$ cat my_file-v3.txt   # compact mmCIF, C-alpha atoms
# COMPACT_ATOMS: atom_id res chain seq x y z
CA MET A 1 0.00 0.00 0.00
CA ALA A 2 2.80 2.37 0.84
CA LEU A 3 4.55 1.49 -2.38
CA GLN A 4 1.41 2.17 -4.41
CA PHE A 5 0.94 5.52 -2.68
CA LEU A 6 4.51 6.56 -3.56
CA LEU A 7 3.99 5.56 -7.20
CA LYS A 8 0.88 7.72 -7.42
CA ILE A 9 2.72 10.67 -5.90
CA THR A 10 5.56 10.26 -8.39
CA LEU A 11 3.16 10.02 -11.34
CA ILE A 12 1.32 13.19 -10.31
CA ALA A 13 4.57 15.10 -9.89
CA SER A 14 5.70 13.99 -13.33
CA LEU A 15 2.45 15.10 -14.89
CA LEU A 16 2.71 18.48 -13.18
CA THR A 17 6.30 18.91 -14.40
CA PHE A 18 5.37 18.10 -18.03
CA GLY A 19 2.39 20.45 -17.82
CA SER A 20 4.52 23.34 -16.65
CA VAL A 21 6.99 22.65 -19.45
CA PHE A 22 4.22 22.62 -22.07
CA SER A 23 2.64 25.79 -20.70
CA ALA A 24 6.04 27.48 -20.72
CA GLN A 25 6.52 26.42 -24.35
CA ASP A 26 3.05 27.67 -25.18
CA ALA A 27 3.84 30.96 -23.47
CA SER A 28 7.08 31.31 -25.40
CA ARG A 29 5.28 30.49 -28.65
CA GLY A 30 2.56 32.95 -27.78
CA SER A 31 5.12 35.67 -27.11
CA LYS A 32 6.63 35.02 -30.54
CA VAL A 33 3.26 34.93 -32.32
CA ASP A 34 1.60 37.85 -30.54
CA PRO A 35 3.63 40.62 -32.32
CA VAL A 36 2.68 39.13 -35.67
CA ARG A 37 -0.93 38.90 -34.64
CA GLN A 38 -0.75 42.37 -33.17
CA GLN A 39 0.74 43.73 -36.38
CA ALA A 40 -1.98 42.06 -38.41
CA LYS A 41 -4.61 43.39 -36.05
CA SER A 42 -3.14 46.91 -36.22
CA LYS A 43 -3.18 46.73 -40.02
CA GLN A 44 -6.80 45.71 -39.92
CA VAL A 45 -7.60 48.54 -37.51
CA LYS A 46 -5.79 51.05 -39.73
CA ALA A 47 -7.53 49.74 -42.81
CA ARG A 48 -10.89 50.05 -41.09
CA ALA A 49 -9.98 53.53 -39.87
CA GLY A 50 -8.91 54.46 -43.41
CA GLN A 51 -12.22 53.22 -44.73
CA LYS A 52 -14.05 55.30 -42.13
CA ILE A 53 -11.99 58.38 -43.04
CA ALA A 54 -12.63 57.80 -46.72
CA VAL A 55 -16.35 57.43 -46.04
CA LYS A 56 -16.31 60.62 -43.94
CA SER A 57 -14.38 62.54 -46.59
CA LYS A 58 -16.83 61.38 -49.25
CA ALA A 59 -19.69 62.41 -47.02
CA LYS A 60 -18.08 65.80 -46.49
CA SER A 61 -17.46 66.26 -50.20
CA LYS A 62 -21.06 65.32 -50.89
CA SER A 63 -22.29 67.73 -48.24
CA LYS A 64 -20.04 70.44 -49.66
CA SER A 65 -21.28 69.79 -53.15
CA LYS A 66 -24.82 70.09 -51.88
CA SER A 67 -24.20 73.24 -49.86
CA LYS A 68 -21.97 74.85 -52.49
CA PRO A 69 -23.13 73.75 -55.93
CA ASN A 70 -21.01 74.52 -58.96
CA ILE A 71 -21.92 77.99 -60.17
CA VAL A 72 -22.28 78.22 -63.93
CA ALA A 73 -21.88 81.74 -65.27
CA ALA A 74 -25.13 82.97 -66.74
CA ARG A 75 -25.01 83.85 -70.39
CA LYS A 76 -25.14 87.54 -71.17
CA ARG A 77 -28.64 88.58 -72.08
CA PRO A 78 -28.54 90.03 -75.59
CA SER A 79 -29.29 93.73 -75.92
CA PHE A 80 -31.63 95.14 -78.54
CA GLY A 81 -28.52 96.21 -80.44
CA ASP A 82 -27.17 92.65 -80.34
CA ILE A 83 -30.44 91.28 -81.69
CA ALA A 84 -30.43 93.86 -84.50
CA GLY A 85 -26.83 93.03 -85.40
CA LEU A 86 -25.68 96.63 -85.00
CA GLN A 87 -22.28 95.71 -83.54
CA SER A 88 -21.14 94.39 -86.92
CA ALA A 89 -21.17 97.86 -88.51
CA PRO A 90 -17.55 98.87 -89.30
CA ASP A 91 -15.79 102.04 -88.23
CA ALA A 92 -12.20 103.23 -88.46
CA LEU A 93 -11.80 103.62 -84.69
CA ALA A 94 -12.90 100.06 -83.91
CA LEU A 95 -15.44 101.31 -81.39
CA LYS A 96 -16.99 98.83 -78.99
CA SER A 97 -20.32 100.66 -78.97
CA SER A 98 -22.98 99.53 -81.44
CA VAL A 99 -24.11 103.12 -81.84
CA ALA A 100 -22.01 106.28 -81.85
CA PHE A 101 -22.60 109.89 -82.81
CA VAL A 102 -20.13 112.75 -82.38
CA ILE A 103 -20.77 116.33 -83.46
CA ASP A 104 -19.21 119.76 -83.08
CA GLN A 105 -21.62 121.59 -80.78
CA ASP A 106 -21.01 125.00 -82.35
CA THR A 107 -20.93 124.15 -86.06
CA LYS A 108 -23.16 121.04 -85.84
CA GLU A 109 -20.69 119.21 -88.07
CA VAL A 110 -20.98 115.47 -87.82
CA LEU A 111 -17.54 114.16 -86.91
CA LEU A 112 -18.42 110.51 -86.45
CA HIS A 113 -21.51 108.43 -86.84
CA LYS A 114 -22.39 104.77 -86.50
CA ASN A 115 -25.99 103.54 -86.57
CA GLU A 116 -27.03 106.95 -85.23
CA LEU A 117 -30.62 106.55 -86.43
CA ALA A 118 -31.19 103.20 -84.73
CA VAL A 119 -33.86 103.40 -82.03
CA LEU A 120 -32.78 101.57 -78.86
CA PRO A 121 -33.48 101.53 -75.12
CA ILE A 122 -31.49 104.32 -73.46
CA ALA A 123 -31.50 103.21 -69.80
CA SER A 124 -30.60 105.99 -67.34
CA ILE A 125 -29.86 108.50 -70.09
CA THR A 126 -33.60 108.97 -69.49
CA LYS A 127 -32.76 110.87 -66.31
CA LEU A 128 -31.38 113.74 -68.36
CA MET A 129 -34.89 114.52 -69.62
CA THR A 130 -36.18 114.06 -66.06
CA GLY A 131 -33.68 116.69 -64.96
CA VAL A 132 -34.72 119.07 -67.74
CA LEU A 133 -38.37 118.99 -66.66
CA ILE A 134 -37.64 119.35 -62.94
CA SER A 135 -35.29 122.26 -63.51
CA GLU A 136 -37.60 124.08 -65.92
CA ALA A 137 -40.68 123.61 -63.71
CA ARG A 138 -39.13 126.05 -61.21
CA LEU A 139 -40.50 124.06 -58.30
CA PRO A 140 -39.07 124.92 -54.85
CA MET A 141 -35.77 123.04 -54.74
CA ASP A 142 -35.77 123.01 -50.94
CA ASP A 143 -39.11 121.16 -50.74
CA LEU A 144 -38.70 117.91 -48.80
CA ILE A 145 -39.65 114.68 -50.56
CA THR A 146 -39.90 111.29 -48.85
CA ILE A 147 -39.02 108.07 -50.65
CA SER A 148 -42.06 105.79 -50.66
CA GLN A 149 -42.74 102.17 -51.59
CA ASP A 150 -43.94 103.44 -54.96
CA ASP A 151 -40.36 104.46 -55.73
CA VAL A 152 -38.99 100.93 -55.24
CA ASP A 153 -37.94 99.26 -58.49
CA MET A 154 -40.32 96.34 -59.10
CA GLU A 155 -39.25 95.83 -62.72
CA LYS A 156 -35.52 95.13 -62.50
CA GLY A 157 -35.19 94.69 -58.73
CA SER A 158 -32.34 97.21 -58.56
CA ARG A 159 -31.05 98.23 -55.15
CA SER A 160 -30.89 101.67 -53.62
CA ARG A 161 -29.26 103.22 -50.58
CA LEU A 162 -32.26 105.51 -50.24
CA ILE A 163 -34.48 103.30 -48.10
CA VAL A 164 -38.20 103.83 -47.91
CA GLY A 165 -38.84 106.71 -45.51
CA THR A 166 -35.72 108.66 -46.47
CA THR A 167 -36.47 112.37 -46.76
CA LEU A 168 -34.35 114.67 -48.92
CA SER A 169 -34.85 117.97 -50.67
CA ARG A 170 -35.82 118.15 -54.32
CA ALA A 171 -32.39 119.56 -55.10
CA GLU A 172 -30.66 116.64 -53.37
CA LEU A 173 -32.76 114.10 -55.24
CA LEU A 174 -32.04 115.79 -58.57
CA HIS A 175 -28.34 115.86 -57.77
CA LEU A 176 -28.30 112.13 -56.96
CA ALA A 177 -30.37 111.24 -60.02
CA LEU A 178 -28.03 112.99 -62.43
CA MET A 179 -24.69 112.29 -60.77
CA ALA A 180 -25.12 108.84 -59.18
CA SER A 181 -28.01 107.67 -61.41
CA GLU A 182 -30.15 107.06 -58.32
CA ASN A 183 -33.36 105.38 -59.53
CA ARG A 184 -35.51 106.02 -56.47
CA ALA A 185 -34.49 109.66 -56.50
CA ALA A 186 -35.56 110.03 -60.14
CA HIS A 187 -38.85 108.25 -59.61
CA ALA A 188 -39.66 110.32 -56.53
CA LEU A 189 -39.09 113.49 -58.55
CA GLY A 190 -41.59 112.35 -61.16
CA ARG A 191 -44.08 110.98 -58.61
CA THR A 192 -44.24 114.25 -56.66
CA PHE A 193 -44.46 116.43 -59.78
CA PRO A 194 -47.77 118.36 -60.00
CA GLY A 195 -50.23 115.99 -61.64
CA GLY A 196 -48.29 112.87 -60.64
CA ILE A 197 -46.19 110.40 -62.56
CA SER A 198 -48.52 110.05 -65.54
CA ARG A 199 -48.50 113.77 -66.23
CA PHE A 200 -44.75 113.88 -65.77
CA VAL A 201 -44.19 111.16 -68.39
CA ALA A 202 -46.58 112.93 -70.76
CA LEU A 203 -44.53 116.09 -70.37
CA MET A 204 -41.33 114.15 -71.05
CA ASN A 205 -42.73 113.03 -74.39
CA SER A 206 -44.08 116.49 -75.16
CA LYS A 207 -40.66 118.02 -74.51
CA ALA A 208 -39.01 115.47 -76.78
CA ALA A 209 -41.44 116.36 -79.57
CA GLU A 210 -40.83 120.05 -78.97
CA LEU A 211 -37.09 119.54 -79.41
CA GLY A 212 -37.60 117.60 -82.62
CA MET A 213 -36.66 114.26 -81.07
CA SER A 214 -39.02 112.32 -83.33
CA ALA A 215 -37.50 108.89 -82.60
CA THR A 216 -37.79 109.27 -78.82
CA SER A 217 -40.41 107.91 -76.42
CA TYR A 218 -40.52 107.76 -72.62
CA ALA A 219 -42.48 105.40 -70.35
CA GLU A 220 -41.16 106.43 -66.91
CA PRO A 221 -38.55 108.81 -65.44
CA THR A 222 -35.73 106.43 -64.39
CA GLY A 223 -34.74 104.47 -67.50
CA LEU A 224 -35.33 101.08 -65.90
CA SER A 225 -37.94 100.31 -68.53
CA SER A 226 -36.74 99.24 -71.97
CA ARG A 227 -39.67 101.20 -73.39
CA ASN A 228 -37.66 104.38 -72.86
CA GLN A 229 -36.11 104.57 -76.32
CA SER A 230 -34.28 107.03 -78.54
CA SER A 231 -31.66 107.39 -81.24
CA ALA A 232 -28.14 108.74 -80.85
CA LYS A 233 -29.04 111.66 -83.09
CA ASP A 234 -31.98 112.59 -80.86
CA LEU A 235 -29.86 112.26 -77.73
CA ALA A 236 -27.25 114.65 -79.16
CA THR A 237 -30.09 117.16 -79.49
CA LEU A 238 -31.06 116.59 -75.84
CA VAL A 239 -27.46 117.00 -74.62
CA ASN A 240 -27.12 120.25 -76.57
CA TYR A 241 -30.35 121.56 -75.02
CA ALA A 242 -29.60 120.42 -71.45
CA TYR A 243 -26.12 121.95 -71.57
CA ALA A 244 -27.71 125.41 -71.49
CA ASP A 245 -28.96 124.74 -67.93
CA PRO A 246 -26.28 125.56 -65.28
CA THR A 247 -27.96 123.31 -62.69
CA LEU A 248 -27.87 120.28 -64.95
CA ARG A 249 -24.26 120.95 -65.84
CA ALA A 250 -23.19 121.28 -62.21
CA PHE A 251 -25.16 118.29 -60.88
CA SER A 252 -24.24 115.86 -63.68
CA THR A 253 -20.49 116.57 -63.51
CA SER A 254 -20.14 116.65 -59.72
CA PRO A 255 -17.47 114.05 -58.74
CA GLY A 256 -19.19 113.17 -55.47
CA TYR A 257 -21.94 114.27 -53.11
CA GLN A 258 -22.91 113.60 -49.49
CA VAL A 259 -26.42 113.55 -48.05
CA GLU A 260 -27.59 113.28 -44.45
CA VAL A 261 -30.00 110.40 -43.93
CA GLY A 262 -31.11 110.30 -40.32
CA ARG A 263 -27.93 109.96 -38.26
CA ARG A 264 -25.92 108.69 -41.21
CA THR A 265 -23.96 110.52 -43.87
CA LEU A 266 -24.08 108.75 -47.23
CA GLN A 267 -21.36 109.33 -49.82
CA PHE A 268 -22.39 109.06 -53.47
CA ASN A 269 -19.99 109.14 -56.41
CA ASN A 270 -20.34 109.97 -60.07
CA THR A 271 -21.06 106.98 -62.30
CA ASN A 272 -18.74 108.47 -64.94
CA ARG A 273 -15.13 108.24 -63.80
CA LEU A 274 -14.00 110.64 -66.55
CA VAL A 275 -15.25 113.61 -64.51
CA LYS A 276 -12.24 113.09 -62.21
CA ASN A 277 -9.78 112.73 -65.07
CA PRO A 278 -7.67 115.90 -65.54
CA ASP A 279 -7.36 115.12 -69.25
CA TRP A 280 -11.06 115.80 -69.68
CA ASP A 281 -13.07 119.04 -69.54
CA ILE A 282 -16.64 117.75 -69.29
CA GLY A 283 -19.53 120.20 -69.31
CA LEU A 284 -22.44 117.73 -69.02
CA GLN A 285 -22.72 113.95 -68.90
CA LYS A 286 -24.98 111.00 -68.13
CA THR A 287 -24.41 107.27 -68.05
CA GLY A 288 -26.89 104.43 -68.31
CA TYR A 289 -27.23 100.67 -68.22
CA ILE A 290 -29.86 97.97 -68.39
CA SER A 291 -29.34 94.65 -70.15
CA GLU A 292 -31.63 95.63 -73.03
CA ALA A 293 -29.67 98.84 -73.65
CA GLY A 294 -26.10 97.81 -72.88
CA GLN A 295 -23.67 100.37 -71.52
CA CYS A 296 -24.56 103.93 -72.58
CA LEU A 297 -22.92 107.35 -72.28
CA VAL A 298 -23.66 110.90 -73.44
CA MET A 299 -21.29 113.82 -72.87
CA GLN A 300 -20.47 117.37 -73.78
CA ALA A 301 -16.74 118.06 -73.51
CA LYS A 302 -14.06 120.38 -74.81
CA VAL A 303 -11.57 118.54 -77.01
CA ALA A 304 -8.75 120.29 -78.89
CA GLY A 305 -10.44 123.62 -78.27
CA ARG A 306 -13.77 122.44 -79.68
CA LYS A 307 -17.06 121.76 -77.91
CA ILE A 308 -17.87 118.17 -78.75
CA ILE A 309 -21.06 116.21 -78.07
CA MET A 310 -20.57 112.44 -77.87
CA VAL A 311 -23.21 109.72 -77.74
CA PHE A 312 -22.40 106.03 -77.26
CA LEU A 313 -25.14 103.40 -76.99
CA ASP A 314 -25.07 99.65 -76.50
CA SER A 315 -21.41 99.38 -75.63
CA ALA A 316 -20.10 95.85 -75.18
CA GLY A 317 -18.57 96.00 -71.69
CA LYS A 318 -18.56 97.98 -68.47
CA PHE A 319 -15.57 100.11 -69.46
CA SER A 320 -16.03 100.04 -73.24
CA ARG A 321 -18.03 103.26 -73.38
CA ILE A 322 -15.22 105.06 -71.52
CA ALA A 323 -12.63 103.52 -73.85
CA ASP A 324 -14.67 104.65 -76.87
CA ALA A 325 -14.78 108.21 -75.54
CA GLU A 326 -11.00 108.11 -75.09
CA ARG A 327 -10.55 106.85 -78.66
CA VAL A 328 -12.66 109.71 -80.01
CA ARG A 329 -10.83 112.31 -77.92
CA ARG A 330 -7.41 111.16 -79.10
CA TRP A 331 -8.63 111.00 -82.69
CA VAL A 332 -10.06 114.53 -82.60
CA GLU A 333 -6.88 115.85 -80.94
CA SER A 334 -4.62 114.22 -83.54
CA SER A 335 -6.67 115.00 -86.62
CA PRO A 336 -9.34 117.69 -86.17
CA VAL A 337 -12.14 117.17 -88.66
CA VAL A 338 -13.21 120.11 -90.82
CA SER A 339 -15.97 118.50 -92.83
CA PRO A 340 -18.10 115.43 -92.13
CA ARG A 341 -17.51 114.31 -95.73
CA LEU A 342 -13.81 113.98 -94.91
CA SER A 343 -14.44 111.99 -91.75
CA PRO A 344 -12.36 108.79 -91.65
CA VAL A 345 -15.07 107.10 -89.61
CA ALA A 346 -17.89 107.22 -92.12
CA THR A 347 -20.26 104.35 -91.38
CA LEU A 348 -21.44 101.84 -93.92
CA ASP A 349 -24.82 100.18 -93.89
CA ARG A 350 -25.28 96.49 -94.63
CA SER A 351 -25.40 97.08 -98.38
CA GLY A 352 -22.01 98.79 -98.23
CA GLN A 353 -23.45 102.23 -99.04
CA SER A 354 -22.27 105.27 -97.13
CA LEU A 355 -24.82 106.73 -94.74
CA ILE A 356 -23.38 110.22 -95.20
CA GLN A 357 -25.51 112.30 -97.61
$ encode --input "my_file-v3.txt" --output "structure tokens"
Amino acid sequence: MALQFLLKITLIASLLTFGSVFSAQDASRGSKVDPVRQQAKSKQVKARAGQKIAVKSKAKSKSKSKSKPNIVAARKRPSFGDIAGLQSAPDALALKSSVAFVIDQDTKEVLLHKNELAVLPIASITKLMTGVLISEARLPMDDLITISQDDVDMEKGSRSRLIVGTTLSRAELLHLALMASENRAAHALGRTFPGGISRFVALMNSKAAELGMSATSYAEPTGLSSRNQSSAKDLATLVNYAYADPTLRAFSTSPGYQVEVGRRTLQFNNTNRLVKNPDWDIGLQKTGYISEAGQCLVMQAKVAGRKIIMVFLDSAGKFSRIADAERVRRWVESSPVVSPRLSPVATLDRSGQSLIQ
């Protein structure tokens, strides 16, 4: 019995010894395998993390594409001049305006002409006739006029710094209409005219007829409507007439003007940058733009000792009308024209016949 007991004890000890050896071997194997497994696991974790990042980045790019869609530039809306094909008419100065008319104010000699009889929308050149009527009506210029909802542009949606409720004098509104082309100012002047806006527009058309502007028609006092139309030849007549009014000369050529609106002081600047150019001596001017009319400009200026009236309608770009005026000035300075028949910028019609008679 004792011998059997000793044998059992010995067998158990042997089994325990072998077990510890095997567990030690397993531990050593595990220590060698674990880094490999750990590396594999880390790669899997990184791959999963990369997938998550990629998914997030795609989600962000999708959200960005939704919040900030690609903006496609809108095509330029063709002007009436574009539709009529007026830009194709040739001229020696390579003008960018579809219509041009330049005359000597004293002699009435035609120095340059290009589609001058074409009837087109005239945009804010309209305000020059608005100014003529207001000035000639001899209404009190210190009368206060309040901008109302009726003066807000509902046709083109143009903005204005003259908010509804702003109160300015008639003189201030006229100044802003002619210098800064302020639409609400011009409309308020017509709206508060004796008889209201309808009578004012009727008088605009009557004045045009009186001046012999047979191709001209007005629908409202701002120029926002494309129904305000005229020819370059008619507009030269209007510029010549308006130039005789000292108020219109002073207001239209003022470089800048400040008005008090409540507790604020608003600074307005001239829409024609040439008035600040020392190379120019401008006596009267007005700019205009709506998409149907293109960029427009009328001016009276002294060039090479001569009083010149310039009209540019439907110019191609924002600065093209200014560039065209510069071209004409340099041309007149370098080669003063004595007779319109000798003008190097005689315009041809589509049949190739000269328009000069």
$ closest_residue --input "my_file-v3.txt" --among "A:Lys114, A:Gly131, A:Met213, A:Asn269" --to "Ser88 of chain A" --atoms "only C-alpha atoms"
A:Lys114
$ atom_distance --input "my_file-v3.txt" --atom1 "atom CA of Thr146 of chain A" --atom2 "atom CA of Ile163 of chain A"
9.7 Å
$ atom_distance --input "my_file-v3.txt" --atom1 "atom CA of Pro121 of chain A" --atom2 "atom CA of Ala232 of chain A"
10.6 Å
$ closest_residue --input "my_file-v3.txt" --among "A:Asp234, A:Asp142, A:Glu333, A:Asp106" --to "Arg170 of chain A" --atoms "all atoms listed in the file"
A:Asp142
$ closest_residue --input "my_file-v3.txt" --among "A:Asn228, A:Ser97, A:Gln87, A:Ser335" --to "Gln295 of chain A" --atoms "only C-alpha atoms"
A:Ser97
$ atom_distance --input "my_file-v3.txt" --atom1 "atom CA of Gly256 of chain A" --atom2 "atom CA of Phe268 of chain A"
5.6 Å
$ closest_residue --input "my_file-v3.txt" --among "A:Leu176, A:Leu224, A:Leu168, A:Val303" --to "Thr253 of chain A" --atoms "only C-alpha atoms"
A:Leu176
